[in-house]
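Below is run34.cif, holding mmCIF, C-alpha atoms.
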```cif
data_final
#
loop_
_atom_site.group_PDB
_atom_site.id
_atom_site.type_symbol
_atom_site.label_atom_id
_atom_site.label_comp_id
_atom_site.auth_asym_id
_atom_site.auth_seq_id
_atom_site.Cartn_x
_atom_site.Cartn_y
_atom_site.Cartn_z
ATOM 1 C CA ASP A 1044 -3.513 -78.151 85.746
ATOM 2 C CA ALA A 1045 -4.580 -75.468 88.216
ATOM 3 C CA ARG A 1046 -8.274 -74.632 88.189
ATOM 4 C CA VAL A 1047 -10.780 -72.541 90.056
ATOM 5 C CA THR A 1048 -13.202 -74.772 91.911
ATOM 6 C CA GLN A 1049 -16.724 -73.919 92.981
ATOM 7 C CA THR A 1050 -19.170 -75.689 95.241
ATOM 8 C CA PRO A 1051 -21.914 -76.634 95.027
ATOM 9 C CA ARG A 1052 -22.332 -77.050 91.278
ATOM 10 C CA ASP A 1053 -26.094 -77.031 91.561
ATOM 11 C CA LYS A 1054 -28.320 -75.708 94.315
ATOM 12 C CA VAL A 1055 -32.092 -75.761 94.522
ATOM 13 C CA THR A 1056 -33.643 -73.980 97.455
ATOM 14 C CA GLU A 1057 -36.833 -72.352 98.544
ATOM 15 C CA MET A 1058 -37.457 -68.659 98.757
ATOM 16 C CA GLY A 1059 -36.286 -67.204 102.043
ATOM 17 C CA GLN A 1060 -33.515 -69.728 102.644
ATOM 18 C CA GLU A 1061 -29.872 -68.816 103.046
ATOM 19 C CA VAL A 1062 -27.552 -69.838 100.232
ATOM 20 C CA THR A 1063 -23.766 -70.037 100.500
ATOM 21 C CA MET A 1064 -21.570 -70.532 97.461
ATOM 22 C CA ARG A 1065 -17.879 -71.275 97.786
ATOM 23 C CA CYS A 1066 -14.926 -70.696 95.529
ATOM 24 C CA GLN A 1067 -11.333 -71.833 95.754
ATOM 25 C CA PRO A 1068 -9.140 -69.597 93.594
ATOM 26 C CA ILE A 1069 -6.036 -70.839 91.875
ATOM 27 C CA LEU A 1070 -3.161 -70.992 94.319
ATOM 28 C CA GLY A 1071 -1.119 -67.812 94.119
ATOM 29 C CA HIS A 1072 -3.858 -65.704 92.568
ATOM 30 C CA ASN A 1073 -4.600 -62.567 94.550
ATOM 31 C CA THR A 1074 -7.698 -61.262 92.760
ATOM 32 C CA VAL A 1075 -11.097 -62.940 92.972
ATOM 33 C CA PHE A 1076 -14.245 -61.986 91.115
ATOM 34 C CA TRP A 1077 -17.884 -63.015 91.505
ATOM 35 C CA TYR A 1078 -20.170 -62.843 88.478
ATOM 36 C CA ARG A 1079 -23.804 -63.655 87.916
ATOM 37 C CA GLN A 1080 -25.056 -64.857 84.551
ATOM 38 C CA THR A 1081 -28.678 -64.833 83.428
ATOM 39 C CA MET A 1082 -30.282 -64.985 80.031
ATOM 40 C CA LYS A 1083 -31.792 -61.572 80.555
ATOM 41 C CA GLN A 1084 -28.829 -59.631 81.970
ATOM 42 C CA GLY A 1085 -25.900 -61.598 80.638
ATOM 43 C CA LEU A 1086 -22.707 -61.584 82.699
ATOM 44 C CA GLU A 1087 -22.776 -59.141 85.623
ATOM 45 C CA LEU A 1088 -19.916 -58.388 87.978
ATOM 46 C CA LEU A 1089 -21.089 -58.629 91.571
ATOM 47 C CA ALA A 1090 -17.879 -58.065 93.512
ATOM 48 C CA TYR A 1091 -14.146 -58.406 93.400
ATOM 49 C CA PHE A 1092 -11.325 -58.737 95.847
ATOM 50 C CA ARG A 1093 -7.612 -58.125 95.789
ATOM 51 C CA ASN A 1094 -5.444 -59.622 98.476
ATOM 52 C CA ARG A 1095 -8.660 -60.650 100.253
ATOM 53 C CA ALA A 1096 -9.874 -57.053 100.543
ATOM 54 C CA PRO A 1097 -13.089 -56.095 98.764
ATOM 55 C CA LEU A 1098 -12.356 -53.491 96.089
ATOM 56 C CA ASP A 1099 -15.766 -53.173 94.541
ATOM 57 C CA ASP A 1100 -19.078 -54.716 95.456
ATOM 58 C CA SER A 1101 -21.300 -52.129 93.839
ATOM 59 C CA GLY A 1102 -22.887 -54.764 91.623
ATOM 60 C CA MET A 1103 -24.313 -56.615 94.584
ATOM 61 C CA PRO A 1104 -27.687 -56.022 96.215
ATOM 62 C CA LYS A 1105 -26.404 -55.015 99.622
ATOM 63 C CA ASP A 1106 -29.455 -55.925 101.605
ATOM 64 C CA ARG A 1107 -29.276 -59.632 100.864
ATOM 65 C CA PHE A 1108 -25.888 -60.432 99.324
ATOM 66 C CA SER A 1109 -22.535 -60.578 101.040
ATOM 67 C CA ALA A 1110 -19.124 -61.645 99.794
ATOM 68 C CA GLU A 1111 -16.080 -62.474 101.886
ATOM 69 C CA MET A 1112 -12.663 -64.041 101.707
ATOM 70 C CA PRO A 1113 -11.986 -65.701 105.063
ATOM 71 C CA ASP A 1114 -8.561 -66.692 103.772
ATOM 72 C CA ALA A 1115 -6.587 -66.693 100.549
ATOM 73 C CA THR A 1116 -7.908 -70.102 99.522
ATOM 74 C CA LEU A 1117 -11.620 -69.465 100.026
ATOM 75 C CA ALA A 1118 -14.122 -66.925 98.780
ATOM 76 C CA THR A 1119 -17.784 -67.078 99.729
ATOM 77 C CA LEU A 1120 -20.926 -65.505 98.359
ATOM 78 C CA LYS A 1121 -24.006 -65.569 100.558
ATOM 79 C CA ILE A 1122 -27.582 -64.710 99.815
ATOM 80 C CA GLN A 1123 -29.950 -64.256 102.752
ATOM 81 C CA PRO A 1124 -32.853 -64.396 102.239
ATOM 82 C CA SER A 1125 -32.896 -65.818 98.735
ATOM 83 C CA GLU A 1126 -35.558 -64.826 96.217
ATOM 84 C CA PRO A 1127 -36.670 -66.406 92.925
ATOM 85 C CA ARG A 1128 -35.058 -63.527 90.989
ATOM 86 C CA ASP A 1129 -31.688 -64.678 92.348
ATOM 87 C CA SER A 1130 -31.917 -67.785 90.174
ATOM 88 C CA ALA A 1131 -28.856 -67.680 87.935
ATOM 89 C CA VAL A 1132 -25.443 -69.190 87.399
ATOM 90 C CA TYR A 1133 -22.832 -67.687 89.683
ATOM 91 C CA PHE A 1134 -19.238 -67.747 88.527
ATOM 92 C CA CYS A 1135 -16.075 -67.179 90.452
ATOM 93 C CA ALA A 1136 -12.900 -66.158 88.655
ATOM 94 C CA SER A 1137 -9.376 -65.535 89.879
ATOM 95 C CA GLY A 1138 -6.307 -63.782 88.545
ATOM 96 C CA THR A 1139 -2.879 -62.520 89.462
ATOM 97 C CA GLY A 1140 -3.503 -58.791 89.351
ATOM 98 C CA PHE A 1141 -2.627 -56.017 86.941
ATOM 99 C CA GLY A 1142 -1.034 -55.982 83.537
ATOM 100 C CA THR A 1143 -1.660 -58.792 81.132
ATOM 101 C CA ASP A 1144 -3.453 -60.769 83.796
ATOM 102 C CA THR A 1145 -6.186 -63.140 82.660
ATOM 103 C CA GLN A 1146 -9.230 -64.138 84.613
ATOM 104 C CA TYR A 1147 -9.674 -67.869 85.082
ATOM 105 C CA PHE A 1148 -13.246 -68.942 85.591
ATOM 106 C CA GLY A 1149 -14.671 -71.704 87.693
ATOM 107 C CA PRO A 1150 -17.416 -74.024 86.400
ATOM 108 C CA GLY A 1151 -20.151 -72.041 88.133
ATOM 109 C CA THR A 1152 -22.914 -72.719 90.642
ATOM 110 C CA ARG A 1153 -26.376 -73.025 89.137
ATOM 111 C CA LEU A 1154 -28.826 -71.621 91.693
ATOM 112 C CA THR A 1155 -32.550 -72.186 91.472
ATOM 113 C CA VAL A 1156 -34.757 -70.466 94.026
ATOM 114 C CA LEU A 1157 -38.317 -71.773 94.062
ATOM 115 C CA ALA B 782 -14.954 -45.456 80.920
ATOM 116 C CA GLN B 783 -14.458 -48.819 79.309
ATOM 117 C CA SER B 784 -17.063 -50.811 77.452
ATOM 118 C CA VAL B 785 -17.414 -53.514 74.868
ATOM 119 C CA THR B 786 -20.023 -53.920 72.148
ATOM 120 C CA GLN B 787 -20.570 -57.220 70.411
ATOM 121 C CA LEU B 788 -22.547 -56.860 67.212
ATOM 122 C CA GLY B 789 -24.916 -59.746 66.647
ATOM 123 C CA SER B 790 -26.162 -61.789 69.560
ATOM 124 C CA HIS B 791 -26.537 -64.826 67.285
ATOM 125 C CA VAL B 792 -24.371 -65.866 64.368
ATOM 126 C CA SER B 793 -24.897 -68.941 62.211
ATOM 127 C CA VAL B 794 -22.331 -70.327 59.813
ATOM 128 C CA SER B 795 -22.041 -73.496 57.805
ATOM 129 C CA GLU B 796 -19.431 -76.042 58.749
ATOM 130 C CA GLY B 797 -16.230 -75.137 56.919
ATOM 131 C CA ALA B 798 -17.213 -71.501 56.436
ATOM 132 C CA LEU B 799 -15.464 -68.444 57.801
ATOM 133 C CA VAL B 800 -16.354 -67.412 61.335
ATOM 134 C CA LEU B 801 -16.405 -63.671 62.074
ATOM 135 C CA LEU B 802 -17.535 -62.404 65.449
ATOM 136 C CA ARG B 803 -17.439 -58.661 65.916
ATOM 137 C CA CYS B 804 -16.257 -56.721 68.936
ATOM 138 C CA ASN B 805 -15.788 -52.976 69.328
ATOM 139 C CA TYR B 806 -14.449 -51.371 72.434
ATOM 140 C CA SER B 807 -14.219 -47.980 74.009
ATOM 141 C CA SER B 808 -11.437 -47.176 76.362
ATOM 142 C CA SER B 809 -9.865 -43.974 77.541
ATOM 143 C CA VAL B 810 -6.464 -45.615 77.814
ATOM 144 C CA PRO B 811 -4.724 -48.385 75.856
ATOM 145 C CA PRO B 812 -6.671 -51.525 76.605
ATOM 146 C CA TYR B 813 -6.035 -55.189 77.024
ATOM 147 C CA LEU B 814 -8.597 -57.172 75.043
ATOM 148 C CA PHE B 815 -9.781 -60.725 75.468
ATOM 149 C CA TRP B 816 -12.001 -63.273 73.834
ATOM 150 C CA TYR B 817 -13.552 -65.974 75.962
ATOM 151 C CA VAL B 818 -15.610 -68.999 74.924
ATOM 152 C CA GLN B 819 -18.320 -70.638 76.985
ATOM 153 C CA TYR B 820 -19.521 -74.130 76.145
ATOM 154 C CA PRO B 821 -22.895 -75.251 77.499
ATOM 155 C CA ASN B 822 -22.965 -75.683 81.265
ATOM 156 C CA GLN B 823 -19.347 -74.628 81.638
ATOM 157 C CA GLY B 824 -17.415 -71.595 82.774
ATOM 158 C CA LEU B 825 -15.701 -69.123 80.481
ATOM 159 C CA GLN B 826 -12.425 -70.218 78.942
ATOM 160 C CA LEU B 827 -9.803 -67.884 77.514
ATOM 161 C CA LEU B 828 -9.439 -68.081 73.725
ATOM 162 C CA LEU B 829 -6.882 -65.342 73.238
ATOM 163 C CA LYS B 830 -5.785 -61.950 74.488
ATOM 164 C CA TYR B 831 -4.239 -58.797 73.091
ATOM 165 C CA THR B 832 -1.527 -57.243 75.221
ATOM 166 C CA SER B 833 0.036 -54.771 72.745
ATOM 167 C CA ALA B 834 2.844 -57.101 71.686
ATOM 168 C CA ALA B 835 1.330 -57.810 68.259
ATOM 169 C CA THR B 836 -1.879 -56.653 66.623
ATOM 170 C CA LEU B 837 -2.716 -60.082 65.238
ATOM 171 C CA VAL B 838 -3.251 -62.535 68.032
ATOM 172 C CA LYS B 839 -3.533 -66.266 67.610
ATOM 173 C CA GLY B 840 -5.485 -68.297 70.116
ATOM 174 C CA ILE B 841 -6.570 -71.827 70.742
ATOM 175 C CA ASN B 842 -8.678 -73.972 68.415
ATOM 176 C CA GLY B 843 -7.596 -72.058 65.304
ATOM 177 C CA PHE B 844 -9.099 -68.720 66.319
ATOM 178 C CA GLU B 845 -7.366 -65.397 65.869
ATOM 179 C CA ALA B 846 -8.218 -61.750 66.371
ATOM 180 C CA GLU B 847 -6.799 -58.519 65.059
ATOM 181 C CA PHE B 848 -6.538 -55.347 67.090
ATOM 182 C CA LYS B 849 -7.349 -52.301 64.976
ATOM 183 C CA LYS B 850 -6.882 -49.132 66.939
ATOM 184 C CA SER B 851 -8.255 -46.879 64.195
ATOM 185 C CA GLU B 852 -11.492 -48.864 64.201
ATOM 186 C CA THR B 853 -11.486 -49.619 67.945
ATOM 187 C CA SER B 854 -12.194 -53.204 66.992
ATOM 188 C CA PHE B 855 -11.005 -56.648 68.006
ATOM 189 C CA HIS B 856 -12.949 -59.031 65.775
ATOM 190 C CA LEU B 857 -12.575 -62.779 66.208
ATOM 191 C CA THR B 858 -12.128 -64.985 63.166
ATOM 192 C CA LYS B 859 -11.581 -68.599 62.215
ATOM 193 C CA PRO B 860 -11.064 -69.647 58.592
ATOM 194 C CA SER B 861 -13.126 -72.823 58.763
ATOM 195 C CA ALA B 862 -15.868 -73.500 61.287
ATOM 196 C CA HIS B 863 -16.121 -76.827 63.003
ATOM 197 C CA MET B 864 -19.160 -78.268 64.704
ATOM 198 C CA SER B 865 -17.304 -78.160 68.006
ATOM 199 C CA ASP B 866 -17.037 -74.338 67.729
ATOM 200 C CA ALA B 867 -20.715 -73.959 68.584
ATOM 201 C CA ALA B 868 -20.686 -71.980 71.836
ATOM 202 C CA GLU B 869 -21.140 -68.545 73.357
ATOM 203 C CA TYR B 870 -18.299 -66.085 72.762
ATOM 204 C CA PHE B 871 -17.539 -63.084 74.934
ATOM 205 C CA CYS B 872 -15.297 -60.138 74.214
ATOM 206 C CA ALA B 873 -13.837 -58.327 77.221
ATOM 207 C CA VAL B 874 -11.692 -55.266 77.868
ATOM 208 C CA ARG B 875 -9.616 -54.148 80.781
ATOM 209 C CA THR B 876 -7.190 -51.309 81.148
ATOM 210 C CA ASN B 877 -3.599 -51.596 82.251
ATOM 211 C CA THR B 878 -4.448 -49.694 85.403
ATOM 212 C CA GLY B 879 -7.361 -51.729 86.655
ATOM 213 C CA ASN B 880 -8.374 -55.211 87.695
ATOM 214 C CA GLN B 881 -11.878 -55.064 86.417
ATOM 215 C CA PHE B 882 -12.956 -56.735 83.198
ATOM 216 C CA TYR B 883 -15.813 -55.361 81.134
ATOM 217 C CA PHE B 884 -17.589 -58.076 79.200
ATOM 218 C CA GLY B 885 -19.739 -57.804 76.129
ATOM 219 C CA THR B 886 -23.185 -59.330 76.015
ATOM 220 C CA GLY B 887 -21.967 -62.364 74.140
ATOM 221 C CA THR B 888 -22.487 -63.869 70.699
ATOM 222 C CA SER B 889 -23.976 -67.314 70.315
ATOM 223 C CA LEU B 890 -22.354 -69.178 67.426
ATOM 224 C CA THR B 891 -24.284 -71.938 65.689
ATOM 225 C CA VAL B 892 -22.531 -74.185 63.186
ATOM 226 C CA ILE B 893 -24.781 -75.769 60.602
ATOM 227 C CA PRO B 894 -23.725 -79.152 59.237
#
```

Will you turn the file into structure tokens for me?
Amino acid sequence: DARVTQTPRDKVTEMGQEVTMRCQPILGHNTVFWYRQTMKQGLELLAYFRNRAPLDDSGMPKDRFSAEMPDATLATLKIQPSEPRDSAVYFCASGTGFGTDTQYFGPGTRLTVL
Amino acid sequence: AQSVTQLGSHVSVSEGALVLLRCNYSSSVPPYLFWYVQYPNQGLQLLLKYTSAATLVKGINGFEAEFKKSETSFHLTKPSAHMSDAAEYFCAVRTNTGNQFYFGTGTSLTVIP
């Protein structure tokens, strides 16, 4: 049963520290999405990639967030420096592309910035 | 532009009662429509999707949804609620020309014993 995996599942850090979240998409999927979920804002799209190239990262605060895909099996989301308002659950999702494609979500990384 | 509106951020039903979660969409081109469910502390899981093959779509766990173009709606229903249906439900839309999904704000379903 292929699944999207995310690490770490929980992260507690102090304001100003760098945070790196990792995602392994389902093998063969060529689109990867990063979402942030908070009670206040709901589910927000931060960035997405197709064939490892960033297509849209307009949802991301550029000054502190960065997203990359070093290879087809790894996507990373970094926050530097982290701030308390970054506290949220960050989800990665992957898919196969256009058409009737479905997004498959990982279990999320719960980030708490103190 | 594409968007999704979910009416009612919280819905409560009695166990065994009909579940109806509302979703309306706007799309400039024929859309693909999805319902996802999120259980506490988990990621989103696909319930069902509309891909223009049939207007009535059956999903997992006894849920189904009907695409009504004239009403731009894709409401989710289940004839008889079960305690295990308590979760957050998200409607989403994407077009056949884009990768991006547009999610609604979610509806929290509570099932009362």

Exercise: segment 817-830 of chain B partners within 6 Å, only C-alpha atoms, chain neighbours under 6 positions left out, as a ChimeraX atom specification:
/A:1148-1150 /B:840-841,868-871

Near Phe1134 of chain A, counting all atoms listed in the file, which residues have an atom at most 6 Å away, once you skip same-chain residues fewer than 5 positions from it, shown as a list in words?
Trp1077, Tyr1078 and Gly1151 of chain A

Could you list, as a PyMOL selection string, every residue within 8 Å of Ser1125 of chain A, counting all atoms listed in the file and ignoring same-chain residues fewer than 4 positions away?
chain A and resi 1057-1062+1107+1129+1156

For atom CA of Gln1049 of chain A and atom CA of Thr1155 of chain A, quote the distance in Å rounded to one decimal.
16.0 Å

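When you apply the PyMOL selection byres ((chain B and resi 866) around 9) to this structure, what comes back is Tyr820, Asn842, Ala862, His863, Met864, Ser865, Ala867, Ala868, Leu890, Thr891 and Val892 of chain B.
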
Leaving out segment 1045-1047 of chain A and any residue of its chain fewer than 6 positions from it, which residues lie within 7 Å of it when counting all atoms listed in the file, given as a ChimeraX atom specification?
/A:1067-1069,1136,1147-1149

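Relative to atom CA of Ile893 of chain B, atom CA of Cys804 of chain B is found at 22.5 Å.
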
Model the absent atoms of segment 1089-1112 of chain A so that N, CA, C and O atoms are present, and write the result as a PDB file, keeping the file's coordinate frame.
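Here's the written file part.pdb:
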```pdb
ATOM      1  N   LEU A1089     -20.487 -58.890  90.263  1.00  0.00           N
ATOM      2  CA  LEU A1089     -21.089 -58.629  91.571  1.00  0.00           C
ATOM      3  C   LEU A1089     -20.077 -57.982  92.519  1.00  0.00           C
ATOM      4  O   LEU A1089     -20.398 -57.025  93.219  1.00  0.00           O
ATOM      5  N   ALA A1090     -18.881 -58.560  92.567  1.00  0.00           N
ATOM      6  CA  ALA A1090     -17.879 -58.065  93.512  1.00  0.00           C
ATOM      7  C   ALA A1090     -16.514 -58.566  93.104  1.00  0.00           C
ATOM      8  O   ALA A1090     -16.394 -59.570  92.401  1.00  0.00           O
ATOM      9  N   TYR A1091     -15.472 -57.842  93.551  1.00  0.00           N
ATOM     10  CA  TYR A1091     -14.146 -58.406  93.400  1.00  0.00           C
ATOM     11  C   TYR A1091     -13.227 -57.994  94.519  1.00  0.00           C
ATOM     12  O   TYR A1091     -13.410 -56.971  95.168  1.00  0.00           O
ATOM     13  N   PHE A1092     -12.259 -58.863  94.741  1.00  0.00           N
ATOM     14  CA  PHE A1092     -11.325 -58.737  95.847  1.00  0.00           C
ATOM     15  C   PHE A1092      -9.902 -58.730  95.321  1.00  0.00           C
ATOM     16  O   PHE A1092      -9.589 -59.372  94.331  1.00  0.00           O
ATOM     17  N   ARG A1093      -9.062 -58.015  96.033  1.00  0.00           N
ATOM     18  CA  ARG A1093      -7.612 -58.125  95.789  1.00  0.00           C
ATOM     19  C   ARG A1093      -6.946 -58.302  97.136  1.00  0.00           C
ATOM     20  O   ARG A1093      -7.195 -57.524  98.057  1.00  0.00           O
ATOM     21  N   ASN A1094      -6.097 -59.302  97.210  1.00  0.00           N
ATOM     22  CA  ASN A1094      -5.444 -59.622  98.476  1.00  0.00           C
ATOM     23  C   ASN A1094      -6.463 -59.729  99.619  1.00  0.00           C
ATOM     24  O   ASN A1094      -6.237 -59.228 100.720  1.00  0.00           O
ATOM     25  N   ARG A1095      -7.573 -60.343  99.328  1.00  0.00           N
ATOM     26  CA  ARG A1095      -8.660 -60.650 100.253  1.00  0.00           C
ATOM     27  C   ARG A1095      -9.498 -59.441 100.640  1.00  0.00           C
ATOM     28  O   ARG A1095     -10.515 -59.581 101.324  1.00  0.00           O
ATOM     29  N   ALA A1096      -9.103 -58.246 100.191  1.00  0.00           N
ATOM     30  CA  ALA A1096      -9.874 -57.053 100.543  1.00  0.00           C
ATOM     31  C   ALA A1096     -10.871 -56.744  99.426  1.00  0.00           C
ATOM     32  O   ALA A1096     -10.513 -56.782  98.247  1.00  0.00           O
ATOM     33  N   PRO A1097     -12.103 -56.437  99.801  1.00  0.00           N
ATOM     34  CA  PRO A1097     -13.089 -56.095  98.764  1.00  0.00           C
ATOM     35  C   PRO A1097     -12.761 -54.752  98.130  1.00  0.00           C
ATOM     36  O   PRO A1097     -12.579 -53.753  98.821  1.00  0.00           O
ATOM     37  N   LEU A1098     -12.647 -54.729  96.799  1.00  0.00           N
ATOM     38  CA  LEU A1098     -12.356 -53.491  96.089  1.00  0.00           C
ATOM     39  C   LEU A1098     -13.610 -52.854  95.527  1.00  0.00           C
ATOM     40  O   LEU A1098     -13.697 -51.632  95.422  1.00  0.00           O
ATOM     41  N   ASP A1099     -14.547 -53.695  95.154  1.00  0.00           N
ATOM     42  CA  ASP A1099     -15.766 -53.173  94.541  1.00  0.00           C
ATOM     43  C   ASP A1099     -16.866 -54.207  94.710  1.00  0.00           C
ATOM     44  O   ASP A1099     -16.709 -55.336  94.279  1.00  0.00           O
ATOM     45  N   ASP A1100     -17.914 -53.829  95.362  1.00  0.00           N
ATOM     46  CA  ASP A1100     -19.078 -54.716  95.456  1.00  0.00           C
ATOM     47  C   ASP A1100     -20.339 -53.962  95.060  1.00  0.00           C
ATOM     48  O   ASP A1100     -21.439 -54.282  95.511  1.00  0.00           O
ATOM     49  N   SER A1101     -20.162 -52.972  94.220  1.00  0.00           N
ATOM     50  CA  SER A1101     -21.300 -52.129  93.839  1.00  0.00           C
ATOM     51  C   SER A1101     -22.332 -52.872  93.003  1.00  0.00           C
ATOM     52  O   SER A1101     -23.463 -52.433  92.873  1.00  0.00           O
ATOM     53  N   GLY A1102     -21.948 -53.998  92.428  1.00  0.00           N
ATOM     54  CA  GLY A1102     -22.887 -54.764  91.623  1.00  0.00           C
ATOM     55  C   GLY A1102     -23.786 -55.682  92.425  1.00  0.00           C
ATOM     56  O   GLY A1102     -24.661 -56.329  91.862  1.00  0.00           O
ATOM     57  N   MET A1103     -23.585 -55.689  93.714  1.00  0.00           N
ATOM     58  CA  MET A1103     -24.313 -56.615  94.584  1.00  0.00           C
ATOM     59  C   MET A1103     -25.449 -55.924  95.300  1.00  0.00           C
ATOM     60  O   MET A1103     -25.247 -54.826  95.837  1.00  0.00           O
ATOM     61  N   PRO A1104     -26.622 -56.564  95.353  1.00  0.00           N
ATOM     62  CA  PRO A1104     -27.687 -56.022  96.215  1.00  0.00           C
ATOM     63  C   PRO A1104     -27.254 -56.140  97.676  1.00  0.00           C
ATOM     64  O   PRO A1104     -27.111 -57.233  98.212  1.00  0.00           O
ATOM     65  N   LYS A1105     -27.022 -55.017  98.290  1.00  0.00           N
ATOM     66  CA  LYS A1105     -26.404 -55.015  99.622  1.00  0.00           C
ATOM     67  C   LYS A1105     -27.283 -55.607 100.709  1.00  0.00           C
ATOM     68  O   LYS A1105     -26.775 -56.105 101.731  1.00  0.00           O
ATOM     69  N   ASP A1106     -28.588 -55.508 100.513  1.00  0.00           N
ATOM     70  CA  ASP A1106     -29.455 -55.925 101.605  1.00  0.00           C
ATOM     71  C   ASP A1106     -29.498 -57.434 101.788  1.00  0.00           C
ATOM     72  O   ASP A1106     -29.809 -57.931 102.877  1.00  0.00           O
ATOM     73  N   ARG A1107     -29.138 -58.178 100.750  1.00  0.00           N
ATOM     74  CA  ARG A1107     -29.276 -59.632 100.864  1.00  0.00           C
ATOM     75  C   ARG A1107     -28.001 -60.389 100.471  1.00  0.00           C
ATOM     76  O   ARG A1107     -27.866 -61.555 100.788  1.00  0.00           O
ATOM     77  N   PHE A1108     -27.111 -59.767  99.789  1.00  0.00           N
ATOM     78  CA  PHE A1108     -25.888 -60.432  99.324  1.00  0.00           C
ATOM     79  C   PHE A1108     -24.702 -59.986 100.169  1.00  0.00           C
ATOM     80  O   PHE A1108     -24.606 -58.824 100.561  1.00  0.00           O
ATOM     81  N   SER A1109     -23.800 -60.928 100.407  1.00  0.00           N
ATOM     82  CA  SER A1109     -22.535 -60.578 101.040  1.00  0.00           C
ATOM     83  C   SER A1109     -21.443 -61.474 100.475  1.00  0.00           C
ATOM     84  O   SER A1109     -21.674 -62.650 100.190  1.00  0.00           O
ATOM     85  N   ALA A1110     -20.261 -60.895 100.319  1.00  0.00           N
ATOM     86  CA  ALA A1110     -19.124 -61.645  99.794  1.00  0.00           C
ATOM     87  C   ALA A1110     -17.940 -61.442 100.736  1.00  0.00           C
ATOM     88  O   ALA A1110     -17.713 -60.336 101.224  1.00  0.00           O
ATOM     89  N   GLU A1111     -17.219 -62.537 100.976  1.00  0.00           N
ATOM     90  CA  GLU A1111     -16.080 -62.474 101.886  1.00  0.00           C
ATOM     91  C   GLU A1111     -14.978 -63.383 101.389  1.00  0.00           C
ATOM     92  O   GLU A1111     -15.206 -64.296 100.597  1.00  0.00           O
ATOM     93  N   MET A1112     -13.781 -63.127 101.918  1.00  0.00           N
ATOM     94  CA  MET A1112     -12.663 -64.041 101.707  1.00  0.00           C
ATOM     95  C   MET A1112     -12.052 -64.337 103.082  1.00  0.00           C
ATOM     96  O   MET A1112     -11.171 -63.595 103.529  1.00  0.00           O
TER      97      MET A1112
END
```
